[in-house]
>>> print(open('model-v4.cif').read())   # mmCIF, C-alpha atoms
data_model
#
loop_
_atom_site.label_atom_id
_atom_site.label_comp_id
_atom_site.auth_asym_id
_atom_site.auth_seq_id
_atom_site.Cartn_x
_atom_site.Cartn_y
_atom_site.Cartn_z
CA MET A 665 77.66 127.89 109.38
CA ASP A 666 75.90 125.27 107.23
CA ASN A 667 78.11 126.23 104.30
CA ILE A 668 81.23 125.60 106.35
CA LEU A 669 79.97 122.16 107.39
CA GLN A 670 79.37 121.25 103.76
CA SER A 671 82.72 122.56 102.53
CA LYS A 672 85.52 120.37 101.29
CA THR A 673 87.93 121.70 103.92
CA TYR A 674 85.57 120.71 106.74
CA LYS A 675 85.09 117.25 105.24
CA ASN A 676 88.88 116.91 105.01
CA LEU A 677 89.20 117.99 108.65
CA LEU A 678 86.64 115.39 109.71
CA ALA A 679 88.36 112.67 107.65
CA ASP A 680 91.76 113.56 109.16
CA ILE A 681 90.44 113.41 112.71
CA LYS A 682 88.60 110.14 112.09
CA ASN A 683 91.80 108.68 110.65
CA LYS A 684 93.79 109.79 113.73
CA ILE A 685 91.19 108.18 116.00
CA HIS A 686 91.34 104.90 114.06
CA GLN A 687 95.15 104.89 114.13
CA SER A 688 95.14 105.53 117.86
CA GLN A 689 92.66 102.70 118.42
CA VAL A 690 94.85 100.29 116.47
CA ARG A 691 97.96 101.32 118.42
CA ALA A 692 96.07 100.83 121.69
CA VAL A 693 94.91 97.34 120.69
CA VAL A 694 98.45 96.37 119.64
CA ALA A 695 99.87 97.70 122.93
CA VAL A 696 97.27 95.81 124.99
CA ASN A 697 97.95 92.64 122.99
CA GLN A 698 101.70 92.95 123.58
CA GLU A 699 101.17 93.44 127.32
CA LEU A 700 98.82 90.44 127.44
CA LEU A 701 101.37 88.24 125.65
CA LEU A 702 104.11 89.42 127.99
CA LEU A 703 101.89 88.63 130.99
CA TYR A 704 101.08 85.17 129.63
CA TRP A 705 104.77 84.52 129.00
CA GLU A 706 105.67 85.64 132.53
CA VAL A 707 102.90 83.50 134.08
CA GLY A 708 104.09 80.53 132.04
CA LYS A 709 107.71 81.14 133.06
CA ILE A 710 106.78 81.31 136.74
CA ILE A 711 104.83 78.04 136.46
CA VAL A 712 107.75 76.31 134.69
CA GLU A 713 110.29 77.55 137.25
CA ARG A 714 108.15 76.64 140.26
CA GLN A 715 107.26 73.21 138.93
CA GLN A 716 110.94 72.49 138.36
CA LYS A 717 112.01 73.92 141.72
CA GLU A 718 109.21 72.47 143.83
CA GLY A 719 108.59 69.28 141.87
CA TRP A 720 104.92 70.13 141.46
CA GLY A 721 102.85 68.13 139.03
CA ALA A 722 100.04 69.06 136.67
CA ASN A 723 97.50 69.35 139.52
CA VAL A 724 99.01 72.68 140.52
CA ILE A 725 97.73 74.15 137.25
CA ASN A 726 94.17 73.07 138.03
CA GLN A 727 94.34 74.60 141.51
CA LEU A 728 96.04 77.73 140.23
CA SER A 729 93.25 78.14 137.69
CA LYS A 730 90.57 77.89 140.38
CA ASP A 731 92.37 80.35 142.64
CA LEU A 732 93.01 82.88 139.87
CA LYS A 733 89.38 82.73 138.74
CA LYS A 734 88.33 83.33 142.34
CA ALA A 735 90.75 86.25 142.74
CA PHE A 736 89.81 87.78 139.36
CA PRO A 737 86.18 86.75 138.70
CA ASN A 738 85.68 89.23 135.86
CA MET A 739 88.77 88.15 133.94
CA LYS A 740 88.98 85.35 131.43
CA GLY A 741 92.00 83.42 130.24
CA TYR A 742 93.00 81.49 133.34
CA SER A 743 91.53 78.08 132.56
CA PRO A 744 93.76 75.06 133.17
CA ARG A 745 94.08 74.68 129.42
CA ASN A 746 95.16 78.30 128.90
CA LEU A 747 97.60 78.13 131.83
CA SER A 748 99.09 75.04 130.15
CA TYR A 749 99.46 77.05 126.94
CA MET A 750 101.19 79.81 128.89
CA LYS A 751 103.60 77.24 130.28
CA ARG A 752 104.25 75.85 126.80
CA PHE A 753 104.66 79.39 125.42
CA ALA A 754 107.33 80.16 128.02
CA LYS A 755 109.11 76.85 127.41
CA THR A 756 109.07 77.36 123.66
CA TYR A 757 110.43 80.90 123.90
CA PRO A 758 112.68 80.86 126.98
CA ALA A 759 114.31 84.18 126.07
CA LEU A 760 112.09 87.21 126.20
CA THR A 761 113.75 88.61 123.06
CA ASN A 762 111.87 85.97 121.03
CA LEU A 763 108.63 87.70 121.95
CA GLN A 764 109.49 90.65 119.79
CA VAL A 765 107.90 91.28 116.42
CA PRO A 766 106.07 89.47 114.91
CA LEU A 767 104.99 87.11 117.73
CA ALA A 768 104.14 89.98 120.06
CA LYS A 769 101.98 91.66 117.42
CA ILE A 770 99.69 88.75 116.65
CA SER A 771 96.94 87.55 118.93
CA TRP A 772 97.26 84.97 121.69
CA TYR A 773 95.12 82.60 119.62
CA HIS A 774 97.45 83.00 116.64
CA ASN A 775 100.34 82.10 118.95
CA ILE A 776 98.52 79.06 120.36
CA THR A 777 97.85 77.86 116.81
CA LEU A 778 101.52 78.27 115.92
CA LEU A 779 102.55 76.29 119.01
CA GLN A 780 100.11 73.52 118.16
CA LYS A 781 100.73 73.27 114.44
CA CYS A 782 104.38 74.24 113.81
CA LYS A 783 107.20 72.28 115.40
CA ASP A 784 109.97 74.36 113.82
CA GLU A 785 110.74 77.82 115.26
CA GLU A 786 111.70 79.25 111.87
CA GLU A 787 108.37 78.11 110.45
CA ARG A 788 106.45 79.62 113.38
CA PHE A 789 108.19 82.97 112.90
CA TRP A 790 107.55 82.80 109.15
CA TYR A 791 103.81 82.23 109.60
CA ALA A 792 103.63 84.91 112.32
CA GLY A 793 105.34 87.37 109.98
CA LYS A 794 103.02 86.52 107.11
CA ALA A 795 99.96 86.80 109.38
CA LEU A 796 101.10 90.23 110.47
CA GLN A 797 102.09 91.34 106.96
CA ASN A 798 98.88 90.14 105.33
CA GLY A 799 96.44 90.73 108.18
CA TRP A 800 95.48 87.06 108.36
CA SER A 801 92.86 86.04 110.87
CA ARG A 802 93.69 83.02 112.98
CA ASN A 803 91.53 80.85 110.71
CA VAL A 804 93.25 82.07 107.54
CA MET A 805 96.64 81.45 109.11
CA LEU A 806 95.53 77.96 110.18
CA HIS A 807 94.42 77.23 106.62
CA GLN A 808 97.80 78.40 105.30
CA ILE A 809 99.57 76.13 107.80
CA GLU A 810 97.36 73.16 106.94
CA THR A 811 98.03 73.67 103.23
CA ASP A 812 101.77 73.95 103.98
CA LEU A 813 102.26 77.41 102.48
CA TYR A 814 105.66 77.66 104.15
CA ASN A 815 107.07 74.79 102.10
CA ARG A 816 105.08 75.65 98.98
CA GLN A 817 106.60 79.16 98.94
CA GLY A 818 110.12 77.81 99.11
CA LYS A 819 112.50 78.56 101.93
CA ALA A 820 115.10 80.41 99.88
CA VAL A 821 115.59 83.99 100.93
CA THR A 822 115.88 86.33 97.97
CA ASN A 823 115.86 90.03 97.29
CA PHE A 824 113.77 89.63 94.14
CA SER A 825 110.86 91.67 95.47
CA ALA A 826 113.18 94.56 96.33
CA THR A 827 115.20 94.52 93.11
CA LEU A 828 112.73 93.47 90.43
CA PRO A 829 109.34 94.86 89.45
CA ALA A 830 106.40 92.86 90.91
CA PRO A 831 105.66 90.55 87.95
CA GLN A 832 109.32 89.63 87.46
CA SER A 833 109.97 89.21 91.20
CA ASP A 834 107.02 86.82 91.47
CA MET A 835 108.20 84.87 88.43
CA ALA A 836 111.77 84.72 89.75
CA GLN A 837 110.54 83.52 93.14
CA GLN A 838 108.36 80.88 91.46
CA ALA A 839 111.28 79.75 89.28
CA LEU A 840 113.45 79.37 92.36
CA LYS A 841 110.67 77.41 94.07
CA ASP A 842 110.37 75.16 91.01
CA LEU A 843 114.14 74.48 91.09
CA THR A 844 113.91 73.64 94.78
CA GLU A 845 111.05 71.23 94.09
CA GLU A 846 113.05 69.61 91.28
CA GLU A 847 115.98 69.07 93.63
CA LYS A 848 113.67 67.41 96.17
CA LEU A 849 112.39 65.02 93.51
CA LYS A 850 115.96 64.01 92.61
CA GLU A 851 116.74 63.03 96.22
#
>>> encode(input="model-v4.cif", output="structure tokens")
Amino acid sequence: MDNILQSKTYKNLLADIKNKIHQSQVRAVVAVNQELLLLYWEVGKIIVERQQKEGWGANVINQLSKDLKKAFPNMKGYSPRNLSYMKRFAKTYPALTNLQVPLAKISWYHNITLLQKCKDEEERFWYAGKALQNGWSRNVMLHQIETDLYNRQGKAVTNFSATLPAPQSDMAQQALKDLTEEEKLKE
């Protein structure tokens, strides 16, 4: 029995199972995150609709926060500030289709940061996509926003990375960025 446990095939079996468990955990976290974002969007949408319909002011958010905390004492996320973010989230993305990838796959705190720091929807989606693609934490994404990576990378869409080997695609993208910068200086 000890020989079997020390064999390469057993170690491969263990590695395969551990990998499956890790993959399943990641899928579960992503699914929970998507459901949480959908809930926050729906709560925000309800608040927006009711405030418009009933003419309620900001005080309703404070009361709603107190009542939700009382109804769900073990849950977090229903502070007046967070309810205001939910409202803003729903106003910013009025159509549910906008909550698809990548916004739905990044954390709530990533989304709050995007709402606070990026006025342009295209820019928000770009940063969300990059955060997802590169596995950026919220703090790394914030740093990239504050250093204006979006504009430093150039906005031109190319297929260089798909059609050229990595070093040439990077150089071509940089050359295009340099041309864009030159054009800005001429203006």
>>> resolve_selection(input="model-v4.cif", expression="the PyMOL selection byres ((chain A and resi 747-753) around 8)", output="list of chain:residue names")
A:Tyr704, A:Trp705, A:Val707, A:Gly708, A:Lys709, A:Ile711, A:Val712, A:Ile725, A:Ser729, A:Gly741, A:Tyr742, A:Ser743, A:Pro744, A:Arg745, A:Asn746, A:Ala754, A:Lys755, A:Thr756, A:Tyr757, A:Ile776, A:Leu779
>>> atom_distance(input="model-v4.cif", atom1="atom CA of A:Lys730", atom2="atom CA of A:Glu706")
18.7 Å
>>> axis_aligned_box(input="model-v4.cif", around="stretch 731-741 of chain A", padding_each_side="3 Å", output="lines of an AutoDock Vina configuration file")
center_x = 89.3
center_y = 84.8
center_z = 136.5
size_x = 13.3
size_y = 14.9
size_z = 18.5
>>> closest_residue(input="model-v4.cif", among="A:Ala768, A:Gln817, A:Thr777, A:Phe789", to="A:Val804", atoms="all atoms listed in the file")
A:Thr777
>>> atom_distance(input="model-v4.cif", atom1="atom CA of A:Gly799", atom2="atom CA of A:Leu760")
24.1 Å
>>> residues_around(input="model-v4.cif", residues="A:Pro766", least_positions_apart="6", cutoff="10 Å", atoms="all atoms listed in the file", output="list in words")
Arg788, Phe789, Trp790, Tyr791, Ala792, Gly793, Lys794, Ala795, Leu796 and Gln797 of chain A
>>> atom_distance(input="model-v4.cif", atom1="atom CA of A:Gln689", atom2="atom CA of A:Tyr674")
22.6 Å
>>> closest_residue(input="model-v4.cif", among="A:Ala735, A:Ala722, A:Ala759, A:Val694", to="A:Ser771", atoms="all atoms listed in the file")
A:Val694
>>> residues_around(input="model-v4.cif", residues="A:Arg802", least_positions_apart="3", cutoff="7 Å", atoms="all atoms listed in the file", output="ChimeraX atom specification")
/A:773-774,805-806
>>> decode(input="model-v4.cif", residues="stretch 724-749 of chain A", atoms="N, CA and C atoms", output="CSV table (one decimal), in the first residue's frame")
chain,number,residue,atom,x,y,z
A,724,VAL,N,-34.7,58.2,2.6
A,724,VAL,CA,-35.2,56.8,2.5
A,724,VAL,C,-34.1,55.8,2.5
A,725,ILE,N,-32.9,56.2,2.0
A,725,ILE,CA,-31.8,55.2,1.9
A,725,ILE,C,-31.3,55.0,3.4
A,726,ASN,N,-31.2,56.0,4.2
A,726,ASN,CA,-30.8,55.8,5.6
A,726,ASN,C,-31.8,54.9,6.3
A,727,GLN,N,-33.1,55.1,6.1
A,727,GLN,CA,-34.0,54.3,6.8
A,727,GLN,C,-34.0,52.8,6.3
A,728,LEU,N,-33.9,52.7,5.0
A,728,LEU,CA,-33.8,51.4,4.3
A,728,LEU,C,-32.6,50.6,4.9
A,729,SER,N,-31.5,51.3,5.0
A,729,SER,CA,-30.3,50.7,5.6
A,729,SER,C,-30.6,50.2,7.0
A,730,LYS,N,-31.2,51.0,7.8
A,730,LYS,CA,-31.5,50.5,9.2
A,730,LYS,C,-32.4,49.3,9.2
A,731,ASP,N,-33.4,49.4,8.4
A,731,ASP,CA,-34.4,48.3,8.3
A,731,ASP,C,-33.8,47.0,7.8
A,732,LEU,N,-32.9,47.1,6.8
A,732,LEU,CA,-32.3,45.9,6.2
A,732,LEU,C,-31.3,45.3,7.2
A,733,LYS,N,-30.6,46.1,7.9
A,733,LYS,CA,-29.7,45.6,8.9
A,733,LYS,C,-30.4,44.9,10.0
A,734,LYS,N,-31.6,45.4,10.3
A,734,LYS,CA,-32.4,44.8,11.4
A,734,LYS,C,-33.0,43.5,10.9
A,735,ALA,N,-33.4,43.4,9.6
A,735,ALA,CA,-34.0,42.2,9.1
A,735,ALA,C,-32.9,41.1,8.8
A,736,PHE,N,-31.7,41.6,8.5
A,736,PHE,CA,-30.6,40.7,8.1
A,736,PHE,C,-29.4,41.0,9.0
A,737,PRO,N,-29.4,40.8,10.3
A,737,PRO,CA,-28.3,41.2,11.2
A,737,PRO,C,-26.9,40.6,10.9
A,738,ASN,N,-26.9,39.4,10.3
A,738,ASN,CA,-25.7,38.8,10.0
A,738,ASN,C,-25.1,39.1,8.6
A,739,MET,N,-25.8,39.9,7.9
A,739,MET,CA,-25.3,40.3,6.5
A,739,MET,C,-24.7,41.7,6.5
A,740,LYS,N,-23.7,41.8,5.7
A,740,LYS,CA,-23.1,43.1,5.6
A,740,LYS,C,-23.4,43.6,4.2
A,741,GLY,N,-23.2,44.9,3.9
A,741,GLY,CA,-23.3,45.5,2.6
A,741,GLY,C,-24.5,46.4,2.4
A,742,TYR,N,-25.3,46.6,3.5
A,742,TYR,CA,-26.5,47.4,3.4
A,742,TYR,C,-26.4,48.8,4.1
A,743,SER,N,-25.2,49.3,4.2
A,743,SER,CA,-25.0,50.6,4.7
A,743,SER,C,-25.6,51.7,3.8
A,744,PRO,N,-25.9,52.9,4.3
A,744,PRO,CA,-26.4,53.9,3.4
A,744,PRO,C,-25.5,54.2,2.3
A,745,ARG,N,-24.2,54.2,2.6
A,745,ARG,CA,-23.2,54.4,1.5
A,745,ARG,C,-23.3,53.3,0.4
A,746,ASN,N,-23.3,52.1,0.8
A,746,ASN,CA,-23.4,51.0,-0.2
A,746,ASN,C,-24.7,51.0,-0.9
A,747,LEU,N,-25.8,51.3,-0.2
A,747,LEU,CA,-27.1,51.4,-0.9
A,747,LEU,C,-27.0,52.5,-2.0
A,748,SER,N,-26.3,53.6,-1.7
A,748,SER,CA,-26.2,54.7,-2.6
A,748,SER,C,-25.3,54.2,-3.8
A,749,TYR,N,-24.3,53.4,-3.6
A,749,TYR,CA,-23.6,52.8,-4.7
A,749,TYR,C,-24.4,51.9,-5.5
